[in-house]
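Below: the structure, in structure tokens.
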Amino acid sequence: MLMTNNYVHSSMVYIMTNMEAMNSVIAFYRDLNGMLTFVGSYPTYGKGTGAKEVSTATPNDGIDPLMSEGSLTLSPDGRFLFAVNTGSNSISSFIVSDSRKLILVDVKPSGGTQPNSIGVFGNLLYVSNVGDPANQFTSNISGFRIEDSGHLSYIPESIHSLSTINAQPVQILFTRDGSKIVVPELTTNHLSVFLVNKNGTLTGPIINESNGMTPFGSIILSSGLLLVSEAGSNALSSYSLSDNGILNVISGSVPTGQKATCWVTTTRNEQFAYAINTLSGTITTYRIDRNGVLTVVGHTTSTPAGTATGLPLNVGVSKDGRNLYTLNGNQGTVSVFNINDDGSLVRIQVAKWTKFPYFGSQGLSVL
């Protein structure tokens, strides 16, 4: 579906269907007030997993099938969008045109089995692969160069194992300067750090113990502060990261009081963090002080009371800092919030692209 001139140079929100027969990226136009309008669907020419989950360590309930953050990732300059095809062990590369239409340019094997997260810095792309213990495929990460055309070229000797053969990576995250990669591991309670070499290969992992149980989503602030959500502890921790890859706890496992605290993002001014509590259907707001200390402020439901409960997964904040978006994975909908100066959230929309809710969608990026 082509976009009209109304969408030229517009802001967008993209989600991923993760459908088993054919994975697709769904595009929403974001208006000046932050509201979303469905624009079109773009096939990745790869397969998702549907409601089937990649992890053998979690219930196969169709919620959070990829157990990941970053399954749909924009390049920092907004030129490219990358999607994992977990069911076919590949990654898809799209050019984001001036009209925000997506143009598929490449599909490449991910360098492992069950890819679930993509991290990008400059022309470097790394993907995490969950692996498949039943078939003796191990957890790993692998690297690619992003060409000017958007095509991907594999970096020789860039496949690296994690702390164990079945570490089950949740996310792959570059530091702001691109010098390191942080990988939270679902089944080991480790935060593995890799040093990025000049040729794009990695050295590591440097294995750090997570402060809380089941580290999950993470984000690195401009100050270098690392925030990590903890699905087992239902909490959020903050860390400083040293040059040698060692993490030091600042605020350890500050509880949300909610269930399945799995994702995290921050306001643009980095004064507040938002942790997503999937099984509670809520978002917890934290205040971040200048030293990186975290304090819970309050909670907001993803969907309105009296309606079908949305179970929020991936989360993102608009470039202008005015809106927060979260994907309700059990519906394929996106909840839209205004962000107030005090960090509080006001829900303004639950956007749909299909009339029928479905389990299995995962991945969200905000342009």
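Going by the structure tokens order, chains are called A, B, ..., each with residues numbered from 1, while ligands are numbered from 1 in the order shown.
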Excluding Gln331 of chain A and residues on its chain fewer than 3 positions from it, collect all residues at most 7 Å away from it, counting only C-alpha atoms, and give them as a PyMOL selection string. chain A and resi 310+328+357-359
Produce a table with one row for each residue of segment 99-198 of chain A that has an atom at most 8 Å from any atom of segment 75-84 of chain A, each row naming the nearest atom pair and its distance in Å at one decimal; use only C-alpha atoms; arrange rows by chain and rising residue number; format as JSON lines.
```
{"residue": "A:Pro115", "atom": "CA", "partner": "A:Val84", "partner_atom": "CA", "distance": 6.0}
{"residue": "A:Asn116", "atom": "CA", "partner": "A:Val84", "partner_atom": "CA", "distance": 6.0}
{"residue": "A:Ser117", "atom": "CA", "partner": "A:Val84", "partner_atom": "CA", "distance": 6.9}
{"residue": "A:Ile118", "atom": "CA", "partner": "A:Phe82", "partner_atom": "CA", "distance": 7.4}
{"residue": "A:Val120", "atom": "CA", "partner": "A:Ser75", "partner_atom": "CA", "distance": 5.9}
{"residue": "A:Phe121", "atom": "CA", "partner": "A:Pro76", "partner_atom": "CA", "distance": 7.2}
{"residue": "A:Gly122", "atom": "CA", "partner": "A:Pro76", "partner_atom": "CA", "distance": 7.7}
{"residue": "A:Gly150", "atom": "CA", "partner": "A:Phe80", "partner_atom": "CA", "distance": 6.8}
```
Just-selected residues, C-alpha atoms written as a PDB file, in the first residue's frame:
```pdb
ATOM      1  CA  PRO A 115      17.029 -15.027  16.040  1.00  0.00           C
ATOM      2  CA  ASN A 116      15.193 -12.747  18.451  1.00  0.00           C
ATOM      3  CA  SER A 117      16.968  -9.376  18.787  1.00  0.00           C
ATOM      4  CA  ILE A 118      18.950  -6.949  16.627  1.00  0.00           C
ATOM      5  CA  VAL A 120      22.705  -1.505  15.382  1.00  0.00           C
ATOM      6  CA  PHE A 121      25.541   1.020  15.684  1.00  0.00           C
ATOM      7  CA  GLY A 122      26.732   2.889  12.602  1.00  0.00           C
ATOM      8  CA  GLY A 150      20.749  -1.691   3.044  1.00  0.00           C
TER       9      GLY A 150
END
```
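For the residues A:Ile339, A:Leu186, A:Val249, A:Val315, ranking by smallest atom-to-atom distance to Thr56 of chain A using only C-alpha atoms places A:Leu186 first.
Put simply, atom CA of Val127 of chain A is 20.1 Å away from atom CA of Ser229 of chain A.
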**Message:** I'd like to know which residues of segment 105-349 of chain A are strand (DSSP E or B) (by DSSP, run on the backbone); could you write them as number ranges by chain?
**Reply:** A: 105-109, 115-121, 124-129, 132, 137, 140-146, 152-154, 160-161, 169, 173-174, 180-185, 190-196, 202-209, 215-220, 226-230, 235-241, 247-255, 261-266, 272-277, 282-288, 294-301, 312-317, 323-328, 333-339, 345-349
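Considering the residues A:Asn248, A:Ser218, A:Asn211, A:Ile165 and counting only C-alpha atoms, Ser233 of chain A has its shortest atom-to-atom contact with A:Asn211.
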Å distance separating atom CA of Gly257 of chain A from atom CA of Ser222 of chain A, one decimal place: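 So the answer is 27.7 Å.
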- Write out as a ChimeraX atom specification which residues come within 9 Å of Leu102 of chain A when counting only C-alpha atoms, dropping same-chain ones fewer than 4 positions away. /A:25,27,42,80-81,94-97
Could you take the residues named above and write them with N, CA, C and O atoms, as a compact mmCIF listing (two decimals), in the first residue's frame?
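Ended up saving to part.txt:
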```
# COMPACT_ATOMS: atom_id res chain seq x y z
N VAL A 25 5.71 -6.54 8.73
CA VAL A 25 5.82 -5.30 9.50
C VAL A 25 4.59 -4.46 9.21
O VAL A 25 4.22 -4.27 8.05
N ALA A 27 2.74 -0.78 9.55
CA ALA A 27 3.11 0.63 9.67
C ALA A 27 1.90 1.47 10.07
O ALA A 27 0.82 1.33 9.51
N TYR A 42 3.83 -4.85 5.36
CA TYR A 42 4.98 -5.15 4.52
C TYR A 42 5.53 -6.53 4.88
O TYR A 42 6.06 -6.71 5.98
N PHE A 80 17.10 2.65 7.90
CA PHE A 80 16.82 1.23 7.71
C PHE A 80 16.00 0.68 8.88
O PHE A 80 16.10 1.17 10.00
N LEU A 81 15.23 -0.35 8.56
CA LEU A 81 14.48 -1.09 9.56
C LEU A 81 14.82 -2.57 9.41
O LEU A 81 14.83 -3.08 8.28
N PHE A 94 15.01 -3.56 5.52
CA PHE A 94 14.18 -2.64 4.74
C PHE A 94 14.85 -1.26 4.67
O PHE A 94 15.43 -0.79 5.66
N ILE A 95 14.71 -0.61 3.52
CA ILE A 95 14.98 0.82 3.42
C ILE A 95 13.72 1.56 3.83
O ILE A 95 12.62 1.20 3.42
N VAL A 96 13.87 2.60 4.67
CA VAL A 96 12.75 3.48 5.00
C VAL A 96 12.81 4.66 4.03
O VAL A 96 13.70 5.49 4.09
N SER A 97 11.87 4.70 3.08
CA SER A 97 11.90 5.73 2.04
C SER A 97 11.53 7.10 2.62
O SER A 97 11.07 7.20 3.77
```
